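Text of run38.cif, listed as mmCIF, C-alpha atoms:
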```cif
data_coords
#
loop_
_atom_site.label_atom_id
_atom_site.label_comp_id
_atom_site.auth_asym_id
_atom_site.auth_seq_id
_atom_site.Cartn_x
_atom_site.Cartn_y
_atom_site.Cartn_z
CA MET A 1 54.26 1.05 44.82
CA ALA A 2 56.39 4.19 45.18
CA ASP A 3 55.33 5.37 41.73
CA HIS A 4 51.69 4.67 42.59
CA SER A 5 52.02 6.73 45.76
CA GLY A 6 53.79 9.52 43.88
CA GLN A 7 51.02 9.72 41.28
CA GLY A 8 48.44 9.80 44.06
CA LYS A 9 50.19 12.82 45.57
CA ALA A 10 50.41 14.45 42.14
CA ALA A 11 46.67 13.93 41.57
CA LEU A 12 45.85 15.42 44.97
CA ALA A 13 48.12 18.39 44.18
CA ALA A 14 46.41 19.05 40.84
CA LEU A 15 42.96 18.71 42.41
CA THR A 16 43.83 21.08 45.26
CA GLY A 17 45.50 23.52 42.89
CA GLY A 18 42.41 23.57 40.69
CA ALA A 19 40.27 24.28 43.74
CA LEU A 20 42.52 27.18 44.77
CA LEU A 21 42.29 28.61 41.26
CA GLY A 22 38.55 28.91 41.86
CA LEU A 23 39.40 31.80 44.18
CA SER A 24 40.88 33.78 41.28
CA PRO A 25 37.64 35.12 39.70
CA ILE A 26 36.35 36.05 43.16
CA ALA A 27 39.51 38.06 43.92
CA MET A 28 39.45 39.65 40.45
CA ARG A 29 35.86 40.71 41.00
CA LEU A 30 36.73 42.32 44.35
CA SER A 31 39.95 43.94 43.12
CA GLU A 32 40.17 47.73 43.08
CA VAL A 33 42.32 47.80 39.91
CA GLY A 34 41.69 46.52 36.40
CA PRO A 35 42.11 42.89 35.33
CA HIS A 36 45.53 43.30 33.74
CA ALA A 37 46.81 45.36 36.68
CA SER A 38 45.44 42.74 39.07
CA ASN A 39 47.32 40.04 37.20
CA PHE A 40 50.47 42.17 37.23
CA TRP A 41 50.39 42.40 41.03
CA ARG A 42 49.46 38.73 41.30
CA PHE A 43 52.66 37.83 39.48
CA LEU A 44 54.92 40.53 40.94
CA LEU A 45 53.99 39.90 44.59
CA ALA A 46 54.50 36.17 44.10
CA LEU A 47 58.01 36.58 42.68
CA PRO A 48 59.96 37.05 45.98
CA ILE A 49 58.55 33.78 47.33
CA LEU A 50 59.14 32.00 44.02
CA ALA A 51 62.67 33.42 43.76
CA LEU A 52 63.55 31.98 47.18
CA TRP A 53 61.93 28.68 46.22
CA ALA A 54 63.88 28.57 42.96
CA ALA A 55 67.15 29.52 44.69
CA VAL A 56 67.05 26.49 46.99
CA SER A 57 65.82 24.14 44.27
CA ARG A 58 67.97 21.69 42.36
CA PRO A 59 68.73 21.03 39.61
CA ILE A 60 69.10 24.53 38.17
CA PRO A 61 67.32 24.66 34.78
CA ALA A 62 69.46 24.78 31.66
CA PRO A 63 69.17 27.82 29.36
CA ARG A 64 66.98 25.86 26.94
CA GLN A 65 64.64 24.87 29.78
CA THR A 66 64.54 28.44 31.07
CA GLY A 67 63.54 29.63 27.60
CA TRP A 68 60.70 27.11 27.47
CA LEU A 69 59.48 28.17 30.91
CA LEU A 70 59.49 31.86 29.96
CA PHE A 71 57.51 30.97 26.85
CA ALA A 72 55.07 28.98 28.99
CA GLY A 73 54.59 32.04 31.21
CA ILE A 74 53.94 34.23 28.18
CA LEU A 75 51.30 31.75 27.00
CA PHE A 76 49.71 31.83 30.44
CA GLY A 77 49.71 35.65 30.55
CA ILE A 78 48.16 35.80 27.08
CA GLU A 79 45.54 33.21 28.01
CA VAL A 80 44.36 35.24 30.99
CA SER A 81 44.12 38.36 28.82
CA LEU A 82 42.34 36.65 25.92
CA TRP A 83 39.73 35.31 28.30
CA GLY A 84 38.98 38.82 29.57
CA ALA A 85 38.83 40.20 26.02
CA ALA A 86 36.49 37.42 24.91
CA LEU A 87 33.98 38.38 27.61
CA ASP A 88 33.75 41.87 26.09
CA LEU A 89 33.13 40.67 22.53
CA THR A 90 30.99 37.56 22.73
CA THR A 91 28.34 36.10 24.98
CA VAL A 92 29.27 35.01 28.46
CA THR A 93 27.99 31.57 27.51
CA ASN A 94 30.30 31.22 24.51
CA ALA A 95 33.35 32.57 26.31
CA THR A 96 32.79 30.29 29.30
CA LEU A 97 32.16 27.18 27.24
CA LEU A 98 35.21 27.75 25.07
CA ALA A 99 37.42 28.30 28.12
CA ASN A 100 36.30 24.94 29.48
CA LEU A 101 37.76 23.20 26.43
CA THR A 102 41.32 23.48 27.78
CA PRO A 103 41.45 19.88 29.10
CA VAL A 104 40.18 18.61 25.75
CA PHE A 105 42.94 20.40 23.82
CA ALA A 106 45.52 19.30 26.39
CA ALA A 107 44.41 15.68 26.01
CA LEU A 108 44.63 15.85 22.21
CA PHE A 109 48.06 17.50 22.29
CA GLY A 110 49.25 14.98 24.86
CA TRP A 111 48.13 12.18 22.55
CA PHE A 112 50.05 13.64 19.60
CA LEU A 113 53.18 14.79 21.45
CA PHE A 114 53.58 12.31 24.31
CA LYS A 115 51.76 9.31 22.78
CA GLU A 116 49.51 9.20 25.84
CA ARG A 117 46.68 6.94 24.76
CA LEU A 118 43.29 7.40 26.31
CA SER A 119 41.66 4.25 27.66
CA ALA A 120 37.89 3.83 27.34
CA PRO A 121 37.21 4.57 31.05
CA VAL A 122 39.34 7.74 30.91
CA MET A 123 37.58 8.90 27.74
CA ALA A 124 34.25 8.27 29.46
CA GLY A 125 35.36 10.29 32.49
CA VAL A 126 36.49 13.17 30.27
CA ALA A 127 33.16 13.13 28.43
CA ILE A 128 31.17 13.11 31.69
CA SER A 129 33.19 16.00 33.15
CA LEU A 130 32.96 17.98 29.90
CA ALA A 131 29.18 17.56 29.86
CA GLY A 132 29.06 18.73 33.46
CA ALA A 133 31.28 21.74 32.74
CA VAL A 134 29.02 22.70 29.82
CA LEU A 135 25.88 22.47 31.97
CA LEU A 136 27.50 24.47 34.77
CA ALA A 137 28.72 27.13 32.34
CA LEU A 138 25.34 27.43 30.64
CA ALA A 139 23.50 27.76 33.93
CA ARG A 140 25.86 30.41 35.27
CA ALA A 141 26.03 32.33 32.01
CA GLN A 142 22.25 32.64 31.83
CA ALA A 143 22.28 34.56 35.10
CA ALA A 144 25.37 36.65 34.29
CA ALA A 145 25.47 40.15 32.94
CA GLY A 146 27.49 40.60 29.80
CA PRO A 147 27.39 41.15 26.06
CA THR A 148 24.59 39.47 24.16
CA GLY A 149 26.86 38.80 21.25
CA ASP A 150 27.08 41.31 18.40
CA PRO A 151 27.17 39.37 15.10
CA GLN A 152 29.84 41.77 13.87
CA THR A 153 32.23 41.09 16.74
CA GLY A 154 30.93 37.89 18.31
CA TRP A 155 33.04 35.64 16.10
CA ILE A 156 36.14 37.56 17.19
CA GLY A 157 35.25 36.97 20.84
CA ASP A 158 34.63 33.29 20.13
CA ALA A 159 38.03 33.04 18.44
CA LEU A 160 39.70 34.75 21.39
CA GLY A 161 38.00 32.40 23.84
CA LEU A 162 39.10 29.37 21.83
CA SER A 163 42.64 30.76 21.58
CA ALA A 164 42.68 31.23 25.36
CA ALA A 165 41.85 27.55 25.85
CA VAL A 166 44.57 26.50 23.40
CA GLY A 167 47.08 28.86 25.04
CA TYR A 168 46.48 27.45 28.51
CA ALA A 169 46.73 23.93 27.12
CA GLY A 170 50.12 24.89 25.65
CA TYR A 171 51.22 26.24 29.04
CA LEU A 172 50.22 22.98 30.74
CA LEU A 173 51.95 20.88 28.09
CA ILE A 174 55.24 22.69 28.65
CA LEU A 175 54.89 22.05 32.38
CA ARG A 176 54.21 18.40 31.55
CA MET A 177 57.30 18.28 29.33
CA LEU A 178 59.65 19.75 31.94
CA GLY A 179 57.92 18.67 35.15
CA LYS A 180 60.27 15.76 35.90
CA GLU A 181 63.41 17.62 34.79
CA VAL A 182 63.04 20.96 36.59
CA ASN A 183 62.04 21.63 40.19
CA VAL A 184 58.62 23.20 40.70
CA GLY A 185 60.16 26.31 42.27
CA ALA A 186 62.18 27.08 39.15
CA VAL A 187 59.22 26.24 36.91
CA MET A 188 56.99 28.71 38.73
CA PHE A 189 59.64 31.45 39.00
CA TRP A 190 60.48 31.63 35.30
CA ALA A 191 56.92 31.09 34.08
CA THR A 192 55.68 33.84 36.40
CA ILE A 193 58.26 36.27 34.99
CA GLY A 194 56.96 35.57 31.49
CA ALA A 195 53.35 36.13 32.57
CA LEU A 196 54.30 39.30 34.47
CA VAL A 197 55.76 40.91 31.34
CA VAL A 198 52.53 40.28 29.43
CA ALA A 199 50.30 41.57 32.24
CA LEU A 200 52.33 44.75 32.77
CA GLY A 201 52.43 45.51 29.06
CA LEU A 202 48.67 45.14 28.71
CA ALA A 203 47.95 47.15 31.86
CA LEU A 204 49.99 50.02 30.42
CA ILE A 205 48.46 49.71 26.95
CA PHE A 206 44.93 49.87 28.35
CA ASN A 207 45.93 52.62 30.81
CA GLU A 208 44.64 50.77 33.85
CA PRO A 209 45.35 52.32 37.26
CA LEU A 210 48.05 50.25 38.93
CA LEU A 211 47.64 51.15 42.60
CA PRO A 212 44.76 49.99 44.83
CA ARG A 213 43.02 52.70 46.83
CA THR A 214 42.74 50.95 50.20
CA LEU A 215 44.50 48.44 52.44
CA ASN A 216 41.76 45.95 51.61
CA GLY A 217 42.61 46.33 47.93
CA TRP A 218 46.25 45.47 48.65
CA LEU A 219 45.25 42.49 50.80
CA ILE A 220 43.17 41.08 47.95
CA LEU A 221 46.15 41.31 45.58
CA ILE A 222 48.49 39.75 48.16
CA GLY A 223 46.04 36.91 48.64
CA LEU A 224 45.80 36.47 44.87
CA ALA A 225 49.59 36.24 44.67
CA ILE A 226 50.16 33.86 47.58
CA VAL A 227 47.09 31.63 47.51
CA VAL A 228 46.35 31.48 43.77
CA GLN A 229 49.71 31.99 42.06
CA VAL A 230 52.15 30.41 44.52
CA GLY A 231 49.76 27.90 46.06
CA GLY A 232 47.31 27.05 43.29
CA GLN A 233 49.57 27.27 40.25
CA GLY A 234 52.46 25.72 42.17
CA LEU A 235 50.39 22.66 43.06
CA ILE A 236 49.18 22.43 39.46
CA ALA A 237 52.75 22.62 38.15
CA TYR A 238 53.69 19.74 40.45
CA GLY A 239 50.70 17.63 39.49
CA VAL A 240 50.78 18.27 35.75
CA GLY A 241 54.48 17.42 35.59
CA ARG A 242 53.91 13.96 37.09
CA LEU A 243 50.60 12.78 35.64
CA PRO A 244 49.28 11.93 32.19
CA ILE A 245 48.07 15.22 30.77
CA VAL A 246 44.44 14.13 30.47
CA ALA A 247 44.25 13.05 34.13
CA SER A 248 45.73 16.28 35.45
CA THR A 249 43.70 18.63 33.27
CA VAL A 250 40.38 16.97 34.06
CA LEU A 251 41.17 17.52 37.74
CA LEU A 252 41.42 21.25 36.98
CA TRP A 253 37.67 21.34 36.40
CA MET A 254 37.49 21.82 40.16
CA GLN A 255 38.14 25.51 39.43
CA PRO A 256 34.69 26.39 38.06
CA LEU A 257 33.06 24.32 40.81
CA VAL A 258 34.79 26.27 43.57
CA ALA A 259 34.16 29.59 41.81
CA ALA A 260 30.46 28.78 41.45
CA GLY A 261 30.17 27.77 45.10
CA LEU A 262 31.91 30.89 46.36
CA SER A 263 29.85 33.12 44.06
CA TRP A 264 26.74 31.58 45.60
CA ILE A 265 27.99 32.22 49.14
CA MET A 266 29.50 35.68 48.62
CA PHE A 267 27.38 37.26 45.90
CA GLY A 268 24.08 35.40 46.21
CA GLU A 269 24.46 33.85 42.74
CA ALA A 270 22.40 30.76 43.55
CA LEU A 271 22.96 27.53 41.65
CA GLY A 272 19.81 26.03 40.17
CA VAL A 273 19.06 22.43 39.33
CA VAL A 274 20.94 22.57 36.01
CA ALA A 275 24.07 24.04 37.60
CA LEU A 276 24.03 21.55 40.45
CA SER A 277 23.57 18.72 37.96
CA GLY A 278 26.57 19.99 36.03
CA ALA A 279 28.64 20.16 39.20
CA ALA A 280 27.68 16.58 40.04
CA LEU A 281 28.70 15.41 36.56
CA VAL A 282 32.08 17.16 36.84
CA LEU A 283 32.76 15.40 40.13
CA ALA A 284 31.57 12.08 38.69
CA GLY A 285 33.88 12.44 35.70
CA ILE A 286 36.82 13.31 37.93
CA TYR A 287 36.08 10.22 40.00
CA VAL A 288 35.99 7.99 36.90
CA VAL A 289 39.31 9.34 35.59
CA GLN A 290 40.96 9.09 38.99
CA ARG A 291 39.64 5.59 39.64
CA ASN A 292 40.95 4.38 36.29
CA ARG A 293 44.34 5.97 36.95
CA GLU A 294 44.60 4.20 40.29
CA LYS A 295 43.71 0.82 38.75
CA ARG A 296 46.23 1.13 35.93
CA PRO A 297 49.16 -1.28 36.29
CA GLN A 298 52.27 0.42 37.61
#
```
Would you kindly transcribe this structure into structure tokens?
Amino acid sequence: MADHSGQGKAALAALTGGALLGLSPIAMRLSEVGPHASNFWRFLLALPILALWAAVSRPIPAPRQTGWLLFAGILFGIEVSLWGAALDLTTVTNATLLANLTPVFAALFGWFLFKERLSAPVMAGVAISLAGAVLLALARAQAAAGPTGDPQTGWIGDALGLSAAVGYAGYLLILRMLGKEVNVGAVMFWATIGALVVALGLALIFNEPLLPRTLNGWLILIGLAIVVQVGGQGLIAYGVGRLPIVASTVLLWMQPLVAAGLSWIMFGEALGVVALSGAALVLAGIYVVQRNREKRPQ
């Protein structure tokens, strides 16, 4: 019963974390600095809170575990950057669809590495959510401004988008591997340092301005750090570390749902019938996966 309750809390954490991540594209769109600089501040401003969290957490990670967490953060930092690069080289549709494949890759890797078999109901839930994510992405991409896809560079953008999905799956798998051995505070602290190094390097390479112009610009970055990085990613780290990888990653499809809803409210990007149908399918798939997890013998 205790394990059942613990997994319920982990599922709720992953679901809430995914919802909070939906705020990220909204904040990035409103940010007064470039995408890499925004990510740099997101990670840097979160570090004092994460350092305090890690300092009071036990057990202290071993050097090998710290190395894995730094590598996970590097993968996460690269994933965020690849996603942005993909949008500049391929169609919005392709980049968005490929990014939504992260749970699929995570499920496959979990099957190979952790021997986590997928039951028929879980596979059905994944398929339903994936279909919904595809519909939602297609509907939103049709209304978005962006490259139409140059045949000379489009395949590069597609490859970057696919690599971003694989990179984020790798990040989540490392969290899954260490989630029960290392406290969430330490996980987030070291992974955020790894991501920060990547973001700062890319911001400097692309010569992005680092300082916001107004107080509002700083508040957006502070919110990105506290709500998305500490809150959202922290909850995801907790949930992913305590659930089968397929269950936790399917719950992360709450991110595009929240982003779509907020875009509708804040920017007037209305969701049509196709998008709303996709959103309904995502929620239905999440329900199927979660219901099967709860019925599984403990």
Residue members of the PyMOL selection byres ((chain A and resi 122) around 8) in the file shown, as JSON, numbers by chain: {"A": [118, 119, 120, 121, 123, 124, 125, 126, 247, 288, 289, 292]}
Selection under test: the PyMOL selection byres ((chain A and resi 26-34) around 9); residues as a ChimeraX atom specification: /A:22-25,35-39,203,208-214,216-218,220-221,223-224,259,262-263,266
Best match for closeness to Val198 of chain A among A:Pro63, A:Gly167, A:Gly278, A:Gly73, counting all atoms listed in the file: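 For Val198 of chain A, the nearest of the candidates is A:Gly73.
With only C-alpha atoms as the atoms that count, the minimum distance from Gly161 of chain A to the choices A:Ala131, A:Ile174, A:Val197, A:Leu101 is reached by A:Leu101.
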Residue with smallest distance to Gly234 of chain A - pool A:Leu50, A:Ala284, A:Leu45, A:Leu251, counting all atoms listed in the file: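 Nearest candidate to Gly234 of chain A out of A:Leu50, A:Ala284, A:Leu45, A:Leu251: A:Leu50.
For the pair atom CA of Thr66 of chain A and atom CA of Trp190 of chain A, the separation is 6.7 Å.
Between atom CA of Ile49 of chain A and atom CA of Leu219 of chain A the separation is 16.3 Å.
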Gly17 of chain A surroundings by all atoms listed in the file, 6 Å radius, close-in-sequence under 2 positions cut, as a ChimeraX atom specification: /A:13-15,19-20,232,235-236
Write to file, as a compact mmCIF listing (two decimals), in the coordinates of the input, the residues of the selection just made, with C-alpha atoms.
```
# COMPACT_ATOMS: atom_id res chain seq x y z
CA ALA A 13 48.12 18.39 44.18
CA ALA A 14 46.41 19.05 40.84
CA LEU A 15 42.96 18.71 42.41
CA ALA A 19 40.27 24.28 43.74
CA LEU A 20 42.52 27.18 44.77
CA GLY A 232 47.31 27.05 43.29
CA LEU A 235 50.39 22.66 43.06
CA ILE A 236 49.18 22.43 39.46
```
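Nearest-residue note for Gly272 of chain A: choosing from A:Ala139, A:Pro59, A:Tyr168, A:Gln7, the minimum distance belongs to A:Ala139, counting all atoms listed in the file.
Using all atoms listed in the file, the nearest neighbour of Lys180 of chain A within the list A:Ala275, A:Leu130, A:Ile193, A:Leu243 is A:Leu243.
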Nearest to Gly239 of chain A, chosen from A:Ala51, A:Ala127, A:Ile286, A:Leu172, with all atoms listed in the file counted in the distances: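 Distance minimum relative to Gly239 of chain A lands on A:Leu172.
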Identify all residues satisfying the PyMOL selection byres ((chain A and resi 103-108) around 9) in the given file; provide them as a PDB file with C-alpha atoms, in the coordinates of the input.
```
ATOM      1  CA  ASN A 100      36.300  24.940  29.480  1.00  0.00           C
ATOM      2  CA  LEU A 101      37.760  23.200  26.430  1.00  0.00           C
ATOM      3  CA  THR A 102      41.320  23.480  27.780  1.00  0.00           C
ATOM      4  CA  PHE A 109      48.060  17.500  22.290  1.00  0.00           C
ATOM      5  CA  GLY A 110      49.250  14.980  24.860  1.00  0.00           C
ATOM      6  CA  TRP A 111      48.130  12.180  22.550  1.00  0.00           C
ATOM      7  CA  PHE A 112      50.050  13.640  19.600  1.00  0.00           C
ATOM      8  CA  LEU A 113      53.180  14.790  21.450  1.00  0.00           C
ATOM      9  CA  GLU A 116      49.510   9.200  25.840  1.00  0.00           C
ATOM     10  CA  LEU A 118      43.290   7.400  26.310  1.00  0.00           C
ATOM     11  CA  VAL A 126      36.490  13.170  30.270  1.00  0.00           C
ATOM     12  CA  LEU A 130      32.960  17.980  29.900  1.00  0.00           C
ATOM     13  CA  ALA A 165      41.850  27.550  25.850  1.00  0.00           C
ATOM     14  CA  VAL A 166      44.570  26.500  23.400  1.00  0.00           C
ATOM     15  CA  TYR A 168      46.480  27.450  28.510  1.00  0.00           C
ATOM     16  CA  ALA A 169      46.730  23.930  27.120  1.00  0.00           C
ATOM     17  CA  GLY A 170      50.120  24.890  25.650  1.00  0.00           C
ATOM     18  CA  LEU A 172      50.220  22.980  30.740  1.00  0.00           C
ATOM     19  CA  LEU A 173      51.950  20.880  28.090  1.00  0.00           C
ATOM     20  CA  PRO A 244      49.280  11.930  32.190  1.00  0.00           C
ATOM     21  CA  ILE A 245      48.070  15.220  30.770  1.00  0.00           C
ATOM     22  CA  VAL A 246      44.440  14.130  30.470  1.00  0.00           C
ATOM     23  CA  ALA A 247      44.250  13.050  34.130  1.00  0.00           C
ATOM     24  CA  SER A 248      45.730  16.280  35.450  1.00  0.00           C
ATOM     25  CA  THR A 249      43.700  18.630  33.270  1.00  0.00           C
ATOM     26  CA  VAL A 250      40.380  16.970  34.060  1.00  0.00           C
ATOM     27  CA  LEU A 251      41.170  17.520  37.740  1.00  0.00           C
ATOM     28  CA  LEU A 252      41.420  21.250  36.980  1.00  0.00           C
ATOM     29  CA  TRP A 253      37.670  21.340  36.400  1.00  0.00           C
TER      30      TRP A 253
END
```
